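Presented below is the structure to which this report refers.
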Amino acid sequence: MKLLADENFPPSLISALQKKRHDVKRIQRTSRGISDLSVCDIARRENRIIITFDRDILDVKPEKQVSAMLFHFPQMTPEEILPYLDGAIEAIIKLKKKKKPFSANYSTNGLENVTAEKKISKSIRN
């Protein structure tokens with residue numbers, strides 16, 4: 001699966017995904033400090049799904065639709081999040097099969113707040 005890890009996505013979780021043969025591009029290495037809109041543009045151009053811990057990505061108004069999975073694990077270390085990673089990827093695979101851009105939360109409760117609206121900015125609000 002082609003993923004785009006936002007700057008705040010822990011390197012250890014990215015490595016775990018890469019070990020499972022996912023194609024993960026790291027914003028930390030390629031485009032550090034770029035705007036969330038630019039992150040969305042890269043995701044759209046390269047047909048990648050954004051994975052992030054940054055709720056601000058939901059306020060972006062990209063010109064074209066993109067898919068994003070917002071990870072919500074407050075006060076947990078990457079090592080504590082690792083067991084949830086497979087469930088998050090399974091959720092992304094199921095959402096991707098619908099062939100519509102989506103945004104969703106993934107937390108200790110599993111998949112939540114899934115939307116498939118036109119713009120990522122119209123998605124999850126807490």
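Residue numbers start at 1 in each chain; chains themselves are named A, B, ... in the order of the structure tokens; ligands are numbered from 1 in the order shown.
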
Skipping near chain neighbours, those fewer than 3 positions away, what residues fall within 8 Å of A:Asp54 using only C-alpha atoms, listed as a PDB file with N, CA and C atoms, in the first residue's frame?
```pdb
ATOM      1  N   ASP A   6       3.108  11.767   7.492  1.00  0.00           N
ATOM      2  CA  ASP A   6       3.299  13.169   7.833  1.00  0.00           C
ATOM      3  C   ASP A   6       4.495  13.292   8.787  1.00  0.00           C
ATOM      4  N   ASN A   8       4.897  14.222  11.744  1.00  0.00           N
ATOM      5  CA  ASN A   8       4.745  13.818  13.143  1.00  0.00           C
ATOM      6  C   ASN A   8       4.579  12.311  13.320  1.00  0.00           C
ATOM      7  N   ILE A  57      -4.597  18.582   9.681  1.00  0.00           N
ATOM      8  CA  ILE A  57      -4.736  18.128   8.291  1.00  0.00           C
ATOM      9  C   ILE A  57      -6.210  18.139   7.879  1.00  0.00           C
ATOM     10  N   LEU A  70      -6.214   9.562  10.400  1.00  0.00           N
ATOM     11  CA  LEU A  70      -5.733  10.297  11.561  1.00  0.00           C
ATOM     12  C   LEU A  70      -5.595   9.321  12.724  1.00  0.00           C
TER      13      LEU A  70
END
```

DSSP alpha helix (DSSP H) residues within chain A, as JSON, numbers by chain: {"A": [11, 12, 13, 14, 15, 16, 17, 18, 19, 27, 28, 29, 30, 36, 37, 38, 39, 40, 41, 42, 43, 44, 45, 78, 79, 80, 81, 85, 86, 87, 88, 89, 90, 91, 92, 93, 94, 95, 96]}

Would you mind exporting C-alpha atoms of the selected residues as a short mmCIF file (atom, residue, chain, number, x, y, z; two decimals), in the first residue's frame?
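Everything below was put into again-v2.cif:
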```
data_model
loop_
_atom_site.label_atom_id
_atom_site.label_comp_id
_atom_site.auth_asym_id
_atom_site.auth_seq_id
_atom_site.Cartn_x
_atom_site.Cartn_y
_atom_site.Cartn_z
CA PRO A 11 9.92 6.73 12.53
CA SER A 12 9.61 3.44 14.43
CA LEU A 13 6.03 3.01 13.19
CA ILE A 14 7.10 3.90 9.64
CA SER A 15 9.84 1.25 9.85
CA ALA A 16 7.31 -1.32 11.08
CA LEU A 17 5.10 -0.56 8.07
CA GLN A 18 8.04 -0.79 5.68
CA LYS A 19 9.04 -4.15 7.14
CA ILE A 27 7.70 13.77 4.75
CA GLN A 28 10.41 13.96 7.46
CA ARG A 29 13.03 12.97 4.89
CA THR A 30 11.77 14.44 1.65
CA ASP A 36 -0.44 20.55 5.17
CA LEU A 37 -1.80 21.64 1.80
CA SER A 38 1.48 20.58 0.18
CA VAL A 39 1.25 17.24 2.01
CA CYS A 40 -2.21 16.76 0.49
CA ASP A 41 -0.90 17.70 -2.95
CA ILE A 42 1.89 15.11 -2.73
CA ALA A 43 -0.57 12.45 -1.57
CA ARG A 44 -2.89 13.18 -4.48
CA ARG A 45 -0.10 13.36 -7.08
CA PRO A 78 5.13 4.48 19.53
CA GLU A 79 5.90 1.14 21.18
CA GLU A 80 2.46 1.16 22.82
CA ILE A 81 0.81 2.07 19.48
CA LEU A 85 -0.88 -0.72 13.52
CA ASP A 86 -2.11 -3.88 11.77
CA GLY A 87 -5.72 -3.01 12.60
CA ALA A 88 -5.24 0.48 11.19
CA ILE A 89 -3.80 -0.91 7.95
CA GLU A 90 -6.66 -3.41 7.65
CA ALA A 91 -9.11 -0.52 8.09
CA ILE A 92 -7.34 1.50 5.38
CA ILE A 93 -7.45 -1.48 3.00
CA LYS A 94 -11.21 -1.86 3.52
CA LEU A 95 -11.82 1.86 3.02
CA LYS A 96 -9.62 1.95 -0.08
#
```

Strand (DSSP E or B) residues, from DSSP on the backbone, in chain A, as number ranges by chain: A: 2-5, 23-26, 49-52, 68-71, 103-107, 110-115

Dump C-alpha atoms for the selected residues as a CSV table (one decimal), in the first residue's frame?
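And here's selection32.csv as it stands now:
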```csv
chain,number,residue,atom,x,y,z
A,2,LYS,CA,1.2,3.5,-0.8
A,3,LEU,CA,1.3,5.7,2.3
A,4,LEU,CA,2.5,9.2,3.0
A,5,ALA,CA,3.7,9.6,6.6
A,23,ASP,CA,5.5,1.7,0.3
A,24,VAL,CA,5.8,4.6,2.9
A,25,LYS,CA,7.1,7.9,1.8
A,26,ARG,CA,8.4,10.1,4.8
A,49,ILE,CA,-2.9,7.8,1.7
A,50,ILE,CA,-1.8,10.2,4.4
A,51,ILE,CA,-1.1,8.8,7.8
A,52,THR,CA,-0.8,11.4,10.5
A,68,ALA,CA,-6.2,10.3,5.2
A,69,MET,CA,-6.0,8.2,8.4
A,70,LEU,CA,-5.7,10.3,11.6
A,71,PHE,CA,-4.1,8.3,14.3
A,103,SER,CA,-10.8,10.4,6.2
A,104,ALA,CA,-11.1,8.5,9.4
A,105,ASN,CA,-9.8,8.3,13.0
A,106,TYR,CA,-8.0,5.2,14.3
A,107,SER,CA,-7.5,4.8,18.0
A,110,GLY,CA,-10.5,0.9,16.4
A,111,LEU,CA,-11.9,2.7,13.3
A,112,GLU,CA,-14.1,5.8,14.0
A,113,ASN,CA,-15.6,8.8,12.3
A,114,VAL,CA,-15.2,7.6,8.7
A,115,THR,CA,-16.2,10.1,6.0
```

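The two atoms in question, atom CA of A:Arg32 and atom CA of A:Phe73, are spaced 22.8 Å apart.
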
For A:Phe53, the nearest of the candidates A:Thr77, A:Met1, A:His72, A:Lys100, counting only C-alpha atoms: A:His72

Atomic distance atom CA of A:Ala116 - atom CA of A:Pro101, expressed in Å with one decimal: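 Interatomic distance here is 5.7 Å.
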
Pick from A:Leu82, A:Phe102, A:Ile34, A:Lys97, whichever lies nearest to A:Val66 using only C-alpha atoms: A:Phe102

Atom CA of A:Ser67 to atom CA of A:Asn47, distance in Å rounded to a single decimal: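 Going from atom CA of A:Ser67 over to atom CA of A:Asn47 covers 9.1 Å.
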